[in-house]
Amino acid sequence: MPRGKRLDPRILEAALVGLEAQRQRTDEQIVQVRALLGGDRSSSRAERTTRPRRRISAAGRRRIAAAQRQRWAQVRQAKAEGTKPKRRLSAAGRKRIAEAARKRWAQARAKKASSAA
């Protein structure tokens, strides 16, 4: 709303009437959609959530917070050192990749030779 200008109460009343009508239309649409879904789902939801919520003790929260602080400290330390552990490929993995590449090239050569002939 604009600051410094006095709003006419009649304008505010009209806005209120319009918003209430809009809310009533929205409520009616919600009722229609619930009817299409097969009834009011809010009551069945309340029945499902009758189990009491689990509580964490203050000591448990402290342990969780300490563990999280430790994880973040490790992240910051690794970032400060600028060293990210290098990912290494095992010899077996390298061998599988090389064999797959050789197989693909052999197929490509065979396809080229068959199309040229």
# chains A, B, ... in the order shown; residues from 1 in each chain; ligands from 1

$ select_by_dssp --residues "range 8-68 of chain A" --states "alpha helix (DSSP H)" --output "compact mmCIF listing (two decimals) with all heavy atoms, in the first residue's frame"
# COMPACT_ATOMS: atom_id res chain seq x y z
N PRO A 9 -11.95 4.89 3.43
CA PRO A 9 -12.54 3.68 4.04
C PRO A 9 -13.49 2.95 3.10
O PRO A 9 -13.63 1.73 3.18
CB PRO A 9 -13.29 4.20 5.27
CG PRO A 9 -12.68 5.51 5.58
CD PRO A 9 -12.16 6.06 4.29
N ARG A 10 -14.12 3.67 2.19
CA ARG A 10 -15.04 3.02 1.24
C ARG A 10 -14.28 2.08 0.31
O ARG A 10 -14.75 1.00 -0.02
CB ARG A 10 -15.81 4.07 0.43
CG ARG A 10 -16.81 4.85 1.28
CD ARG A 10 -17.47 5.90 0.48
NE ARG A 10 -16.45 6.90 0.13
CZ ARG A 10 -16.64 7.98 -0.59
NH1 ARG A 10 -17.84 8.23 -1.06
NH2 ARG A 10 -15.68 8.81 -0.84
N ILE A 11 -13.06 2.48 -0.08
CA ILE A 11 -12.24 1.64 -0.95
C ILE A 11 -11.83 0.37 -0.21
O ILE A 11 -11.88 -0.74 -0.74
CB ILE A 11 -11.00 2.41 -1.44
CG1 ILE A 11 -11.43 3.55 -2.37
CG2 ILE A 11 -10.03 1.48 -2.15
CD1 ILE A 11 -10.30 4.44 -2.79
N LEU A 12 -11.45 0.55 1.05
CA LEU A 12 -11.06 -0.61 1.85
C LEU A 12 -12.23 -1.55 2.07
O LEU A 12 -12.07 -2.78 2.03
CB LEU A 12 -10.48 -0.15 3.20
CG LEU A 12 -9.14 0.60 3.12
CD1 LEU A 12 -8.75 1.11 4.50
CD2 LEU A 12 -8.07 -0.29 2.54
N GLU A 13 -13.43 -1.00 2.29
CA GLU A 13 -14.62 -1.84 2.46
C GLU A 13 -14.89 -2.63 1.19
O GLU A 13 -15.19 -3.82 1.23
CB GLU A 13 -15.84 -0.96 2.79
CG GLU A 13 -15.81 -0.34 4.17
CD GLU A 13 -16.12 -1.35 5.26
OE1 GLU A 13 -16.79 -2.35 4.97
OE2 GLU A 13 -15.67 -1.13 6.39
N ALA A 14 -14.78 -1.97 0.03
CA ALA A 14 -15.01 -2.66 -1.24
C ALA A 14 -13.98 -3.76 -1.47
O ALA A 14 -14.31 -4.86 -1.94
CB ALA A 14 -14.98 -1.65 -2.39
N ALA A 15 -12.73 -3.48 -1.12
CA ALA A 15 -11.69 -4.49 -1.26
C ALA A 15 -11.98 -5.69 -0.36
O ALA A 15 -11.81 -6.84 -0.75
CB ALA A 15 -10.32 -3.89 -0.93
N LEU A 16 -12.43 -5.42 0.85
CA LEU A 16 -12.75 -6.48 1.79
C LEU A 16 -13.89 -7.35 1.27
O LEU A 16 -13.84 -8.58 1.32
CB LEU A 16 -13.10 -5.88 3.15
CG LEU A 16 -13.33 -6.86 4.29
CD1 LEU A 16 -12.07 -7.68 4.55
CD2 LEU A 16 -13.74 -6.12 5.53
N VAL A 17 -14.91 -6.72 0.73
CA VAL A 17 -16.06 -7.47 0.18
C VAL A 17 -15.59 -8.34 -0.98
O VAL A 17 -15.95 -9.51 -1.09
CB VAL A 17 -17.17 -6.49 -0.27
CG1 VAL A 17 -18.22 -7.21 -1.09
CG2 VAL A 17 -17.80 -5.82 0.94
N GLY A 18 -14.76 -7.80 -1.83
CA GLY A 18 -14.25 -8.56 -2.98
C GLY A 18 -13.40 -9.76 -2.55
O GLY A 18 -13.53 -10.86 -3.08
N LEU A 19 -12.56 -9.54 -1.57
CA LEU A 19 -11.70 -10.64 -1.09
C LEU A 19 -12.52 -11.72 -0.40
O LEU A 19 -12.23 -12.92 -0.56
CB LEU A 19 -10.64 -10.08 -0.13
CG LEU A 19 -9.54 -9.25 -0.79
CD1 LEU A 19 -8.68 -8.60 0.28
CD2 LEU A 19 -8.70 -10.09 -1.72
N GLU A 20 -13.54 -11.33 0.35
CA GLU A 20 -14.40 -12.33 1.00
C GLU A 20 -15.16 -13.15 -0.04
O GLU A 20 -15.31 -14.36 0.11
CB GLU A 20 -15.35 -11.66 1.98
CG GLU A 20 -14.64 -11.20 3.24
CD GLU A 20 -15.53 -10.42 4.18
OE1 GLU A 20 -16.64 -10.01 3.78
OE2 GLU A 20 -15.12 -10.21 5.34
N ALA A 21 -15.63 -12.50 -1.11
CA ALA A 21 -16.32 -13.23 -2.18
C ALA A 21 -15.36 -14.21 -2.86
O ALA A 21 -15.73 -15.35 -3.17
CB ALA A 21 -16.90 -12.25 -3.19
N GLN A 22 -14.15 -13.76 -3.06
CA GLN A 22 -13.14 -14.62 -3.68
C GLN A 22 -12.84 -15.82 -2.78
O GLN A 22 -12.72 -16.95 -3.25
CB GLN A 22 -11.87 -13.80 -3.93
CG GLN A 22 -10.84 -14.47 -4.77
CD GLN A 22 -9.67 -13.54 -5.05
OE1 GLN A 22 -9.45 -12.57 -4.33
NE2 GLN A 22 -8.92 -13.85 -6.09
N ARG A 23 -12.76 -15.58 -1.48
CA ARG A 23 -12.50 -16.67 -0.54
C ARG A 23 -13.66 -17.66 -0.55
O ARG A 23 -13.46 -18.87 -0.50
CB ARG A 23 -12.28 -16.14 0.86
CG ARG A 23 -11.97 -17.26 1.87
CD ARG A 23 -11.61 -16.76 3.21
NE ARG A 23 -12.72 -15.99 3.79
CZ ARG A 23 -12.67 -15.38 4.96
NH1 ARG A 23 -11.57 -15.41 5.67
NH2 ARG A 23 -13.70 -14.72 5.42
N GLN A 24 -14.88 -17.16 -0.64
CA GLN A 24 -16.04 -18.04 -0.65
C GLN A 24 -16.03 -18.92 -1.91
O GLN A 24 -16.29 -20.11 -1.84
CB GLN A 24 -17.33 -17.21 -0.60
CG GLN A 24 -18.58 -18.06 -0.51
CD GLN A 24 -19.84 -17.22 -0.39
OE1 GLN A 24 -19.78 -16.00 -0.39
NE2 GLN A 24 -20.97 -17.88 -0.29
N ARG A 25 -15.68 -18.34 -3.07
CA ARG A 25 -15.59 -19.12 -4.31
C ARG A 25 -14.52 -20.20 -4.19
O ARG A 25 -14.70 -21.34 -4.60
CB ARG A 25 -15.29 -18.21 -5.50
CG ARG A 25 -16.48 -17.42 -5.98
CD ARG A 25 -16.22 -16.78 -7.32
NE ARG A 25 -15.03 -15.92 -7.33
CZ ARG A 25 -15.03 -14.63 -7.05
NH1 ARG A 25 -16.14 -14.02 -6.72
NH2 ARG A 25 -13.91 -13.94 -7.11
N THR A 26 -13.38 -19.83 -3.59
CA THR A 26 -12.29 -20.79 -3.42
C THR A 26 -12.72 -21.93 -2.49
O THR A 26 -12.45 -23.10 -2.77
CB THR A 26 -11.05 -20.09 -2.84
OG1 THR A 26 -10.69 -19.00 -3.69
CG2 THR A 26 -9.87 -21.04 -2.74
N ASP A 27 -13.40 -21.60 -1.41
CA ASP A 27 -13.89 -22.63 -0.49
C ASP A 27 -14.86 -23.58 -1.19
O ASP A 27 -14.82 -24.80 -0.98
CB ASP A 27 -14.55 -22.00 0.73
CG ASP A 27 -13.55 -21.33 1.66
OD1 ASP A 27 -12.34 -21.63 1.55
OD2 ASP A 27 -13.98 -20.48 2.48
N GLU A 28 -15.73 -23.04 -2.03
CA GLU A 28 -16.68 -23.87 -2.77
C GLU A 28 -15.94 -24.80 -3.72
O GLU A 28 -16.29 -25.98 -3.86
CB GLU A 28 -17.67 -23.00 -3.53
CG GLU A 28 -18.65 -22.27 -2.64
CD GLU A 28 -19.47 -21.24 -3.38
OE1 GLU A 28 -19.28 -21.09 -4.61
OE2 GLU A 28 -20.30 -20.57 -2.73
N GLN A 29 -14.91 -24.31 -4.37
CA GLN A 29 -14.13 -25.15 -5.29
C GLN A 29 -13.40 -26.26 -4.53
O GLN A 29 -13.31 -27.39 -4.99
CB GLN A 29 -13.15 -24.30 -6.08
CG GLN A 29 -13.83 -23.40 -7.08
CD GLN A 29 -12.86 -22.42 -7.74
OE1 GLN A 29 -11.75 -22.23 -7.26
NE2 GLN A 29 -13.30 -21.82 -8.83
N ILE A 30 -12.91 -25.95 -3.34
CA ILE A 30 -12.24 -26.96 -2.52
C ILE A 30 -13.23 -28.06 -2.15
O ILE A 30 -12.91 -29.25 -2.20
CB ILE A 30 -11.61 -26.32 -1.26
CG1 ILE A 30 -10.39 -25.48 -1.65
CG2 ILE A 30 -11.23 -27.38 -0.23
CD1 ILE A 30 -9.82 -24.65 -0.53
N VAL A 31 -14.45 -27.68 -1.78
CA VAL A 31 -15.48 -28.66 -1.43
C VAL A 31 -15.78 -29.55 -2.64
O VAL A 31 -15.90 -30.77 -2.51
CB VAL A 31 -16.75 -27.95 -0.92
CG1 VAL A 31 -17.92 -28.90 -0.83
CG2 VAL A 31 -16.49 -27.30 0.42
N GLN A 32 -15.87 -28.97 -3.83
CA GLN A 32 -16.15 -29.75 -5.03
C GLN A 32 -15.04 -30.74 -5.33
O GLN A 32 -15.29 -31.89 -5.66
CB GLN A 32 -16.35 -28.81 -6.23
CG GLN A 32 -17.63 -28.01 -6.16
CD GLN A 32 -17.71 -26.97 -7.27
OE1 GLN A 32 -16.78 -26.81 -8.04
NE2 GLN A 32 -18.84 -26.27 -7.34
N VAL A 33 -13.80 -30.31 -5.20
CA VAL A 33 -12.67 -31.20 -5.46
C VAL A 33 -12.64 -32.33 -4.44
O VAL A 33 -12.39 -33.49 -4.78
CB VAL A 33 -11.34 -30.41 -5.46
CG1 VAL A 33 -10.15 -31.35 -5.51
CG2 VAL A 33 -11.30 -29.46 -6.65
N ARG A 34 -12.90 -32.02 -3.18
CA ARG A 34 -12.94 -33.07 -2.15
C ARG A 34 -14.05 -34.07 -2.45
O ARG A 34 -13.90 -35.26 -2.23
CB ARG A 34 -13.14 -32.44 -0.78
CG ARG A 34 -11.88 -31.85 -0.23
CD ARG A 34 -12.04 -31.47 1.22
NE ARG A 34 -10.76 -31.00 1.74
CZ ARG A 34 -10.63 -30.04 2.62
NH1 ARG A 34 -11.69 -29.44 3.10
NH2 ARG A 34 -9.44 -29.69 3.05
N ALA A 35 -15.17 -33.58 -2.95
CA ALA A 35 -16.27 -34.49 -3.29
C ALA A 35 -15.85 -35.42 -4.43
O ALA A 35 -16.18 -36.61 -4.43
CB ALA A 35 -17.51 -33.69 -3.69
N LEU A 36 -15.09 -34.89 -5.40
CA LEU A 36 -14.61 -35.72 -6.50
C LEU A 36 -13.60 -36.75 -6.02
O LEU A 36 -13.51 -37.85 -6.56
CB LEU A 36 -13.97 -34.84 -7.58
CG LEU A 36 -14.93 -33.94 -8.36
CD1 LEU A 36 -14.15 -33.02 -9.28
CD2 LEU A 36 -15.89 -34.80 -9.17
N LEU A 37 -12.86 -36.41 -5.00
CA LEU A 37 -11.88 -37.34 -4.44
C LEU A 37 -12.53 -38.43 -3.61
O LEU A 37 -11.88 -39.40 -3.24
CB LEU A 37 -10.85 -36.59 -3.58
CG LEU A 37 -9.82 -35.77 -4.34
CD1 LEU A 37 -8.99 -34.94 -3.37
CD2 LEU A 37 -8.91 -36.69 -5.14
N ARG A 41 -10.98 -35.62 3.09
CA ARG A 41 -9.75 -36.35 3.42
C ARG A 41 -9.12 -35.85 4.71
O ARG A 41 -8.25 -36.50 5.26
CB ARG A 41 -8.74 -36.21 2.29
CG ARG A 41 -9.26 -36.82 1.02
CD ARG A 41 -8.12 -37.47 0.31
NE ARG A 41 -8.61 -38.08 -0.91
CZ ARG A 41 -8.54 -39.37 -1.13
NH1 ARG A 41 -8.04 -40.17 -0.25
NH2 ARG A 41 -8.98 -39.87 -2.26
N SER A 42 -9.53 -34.71 5.20
CA SER A 42 -8.89 -34.17 6.40
C SER A 42 -9.19 -35.04 7.62
O SER A 42 -8.36 -35.19 8.50
CB SER A 42 -9.34 -32.74 6.65
OG SER A 42 -10.73 -32.71 6.88
N SER A 43 -10.38 -35.66 7.67
CA SER A 43 -10.70 -36.50 8.82
C SER A 43 -9.87 -37.77 8.82
O SER A 43 -9.40 -38.22 9.85
CB SER A 43 -12.19 -36.82 8.83
OG SER A 43 -12.51 -37.57 7.67
N SER A 44 -9.66 -38.37 7.64
CA SER A 44 -8.86 -39.60 7.60
C SER A 44 -7.40 -39.30 7.90
O SER A 44 -6.70 -40.11 8.48
CB SER A 44 -8.99 -40.27 6.23
OG SER A 44 -8.49 -39.42 5.22
N ARG A 45 -6.96 -38.12 7.55
CA ARG A 45 -5.57 -37.74 7.83
C ARG A 45 -5.36 -37.61 9.33
O ARG A 45 -4.34 -38.01 9.87
CB ARG A 45 -5.25 -36.43 7.13
CG ARG A 45 -3.84 -36.01 7.29
CD ARG A 45 -3.61 -34.72 6.54
NE ARG A 45 -2.22 -34.63 6.17
CZ ARG A 45 -1.68 -33.59 5.61
NH1 ARG A 45 -2.42 -32.55 5.32
NH2 ARG A 45 -0.41 -33.57 5.31
N ALA A 46 -6.35 -37.05 10.03
CA ALA A 46 -6.24 -36.89 11.47
C ALA A 46 -6.19 -38.26 12.15
O ALA A 46 -5.49 -38.44 13.14
CB ALA A 46 -7.41 -36.08 12.00
N GLU A 47 -6.90 -39.22 11.61
CA GLU A 47 -6.88 -40.56 12.19
C GLU A 47 -5.52 -41.21 12.01
O GLU A 47 -5.08 -41.98 12.86
CB GLU A 47 -7.96 -41.41 11.54
CG GLU A 47 -9.37 -40.97 11.87
CD GLU A 47 -10.41 -41.64 11.00
OE1 GLU A 47 -10.02 -42.51 10.19
OE2 GLU A 47 -11.58 -41.29 11.11
N ARG A 48 -4.87 -40.95 10.90
CA ARG A 48 -3.57 -41.58 10.64
C ARG A 48 -2.47 -41.02 11.52
O ARG A 48 -1.49 -41.69 11.78
CB ARG A 48 -3.19 -41.37 9.17
CG ARG A 48 -3.93 -42.26 8.22
CD ARG A 48 -3.26 -42.22 6.87
NE ARG A 48 -3.08 -40.87 6.38
CZ ARG A 48 -3.70 -40.34 5.35
NH1 ARG A 48 -4.57 -41.04 4.69
NH2 ARG A 48 -3.46 -39.11 4.97
N ALA A 58 17.78 -33.22 24.89
CA ALA A 58 18.73 -32.12 24.71
C ALA A 58 20.13 -32.69 24.46
O ALA A 58 20.89 -32.16 23.63
CB ALA A 58 18.74 -31.22 25.93
N ALA A 59 20.47 -33.78 25.14
CA ALA A 59 21.78 -34.40 24.93
C ALA A 59 21.89 -34.94 23.51
O ALA A 59 22.94 -34.81 22.87
CB ALA A 59 21.99 -35.52 25.94
N GLY A 60 20.82 -35.50 23.01
CA GLY A 60 20.82 -36.01 21.63
C GLY A 60 21.01 -34.89 20.63
O GLY A 60 21.75 -35.02 19.65
N ARG A 61 20.33 -33.77 20.86
CA ARG A 61 20.50 -32.62 19.96
C ARG A 61 21.92 -32.10 20.01
O ARG A 61 22.48 -31.72 18.99
CB ARG A 61 19.51 -31.52 20.34
CG ARG A 61 18.11 -31.77 19.83
CD ARG A 61 17.26 -30.52 19.89
NE ARG A 61 17.10 -30.02 21.25
CZ ARG A 61 16.16 -30.40 22.08
NH1 ARG A 61 15.30 -31.31 21.72
NH2 ARG A 61 16.08 -29.89 23.29
N ARG A 62 22.51 -32.09 21.22
CA ARG A 62 23.91 -31.64 21.33
C ARG A 62 24.84 -32.56 20.55
O ARG A 62 25.76 -32.09 19.87
CB ARG A 62 24.33 -31.58 22.80
CG ARG A 62 23.83 -30.34 23.52
CD ARG A 62 24.53 -30.16 24.86
NE ARG A 62 24.23 -31.25 25.79
CZ ARG A 62 23.21 -31.27 26.63
NH1 ARG A 62 22.37 -30.24 26.65
NH2 ARG A 62 23.02 -32.28 27.44
N ARG A 63 24.62 -33.88 20.63
CA ARG A 63 25.46 -34.82 19.88
C ARG A 63 25.33 -34.61 18.38
O ARG A 63 26.32 -34.60 17.64
CB ARG A 63 25.10 -36.26 20.24
CG ARG A 63 25.61 -36.70 21.59
CD ARG A 63 25.52 -38.20 21.75
NE ARG A 63 24.16 -38.71 21.55
CZ ARG A 63 23.25 -38.87 22.52
NH1 ARG A 63 23.56 -38.56 23.76
NH2 ARG A 63 22.06 -39.34 22.24
N ILE A 64 24.09 -34.41 17.92
CA ILE A 64 23.86 -34.18 16.49
C ILE A 64 24.55 -32.89 16.06
O ILE A 64 25.21 -32.84 15.02
CB ILE A 64 22.35 -34.13 16.19
CG1 ILE A 64 21.75 -35.52 16.37
CG2 ILE A 64 22.09 -33.59 14.79
CD1 ILE A 64 20.24 -35.54 16.34
N ALA A 65 24.42 -31.83 16.86
CA ALA A 65 25.03 -30.55 16.51
C ALA A 65 26.55 -30.66 16.50
O ALA A 65 27.21 -30.11 15.60
CB ALA A 65 24.59 -29.48 17.51
N ALA A 66 27.12 -31.38 17.46
CA ALA A 66 28.57 -31.54 17.50
C ALA A 66 29.06 -32.31 16.28
O ALA A 66 30.09 -31.96 15.68
CB ALA A 66 28.99 -32.26 18.78
N ALA A 67 28.34 -33.35 15.90
CA ALA A 67 28.73 -34.13 14.73
C ALA A 67 28.67 -33.28 13.46
O ALA A 67 29.55 -33.34 12.60
CB ALA A 67 27.83 -35.35 14.59
N GLN A 68 27.63 -32.44 13.36
CA GLN A 68 27.50 -31.58 12.18
C GLN A 68 28.61 -30.54 12.16
O GLN A 68 29.18 -30.25 11.10
CB GLN A 68 26.13 -30.89 12.17
CG GLN A 68 25.84 -30.15 10.89
CD GLN A 68 25.80 -31.09 9.70
OE1 GLN A 68 25.25 -32.17 9.76
NE2 GLN A 68 26.38 -30.66 8.59

$ atom_distance --atom1 "CA of Arg109 in chain A" --atom2 "CA of Arg94 in chain A"
22.5 Å
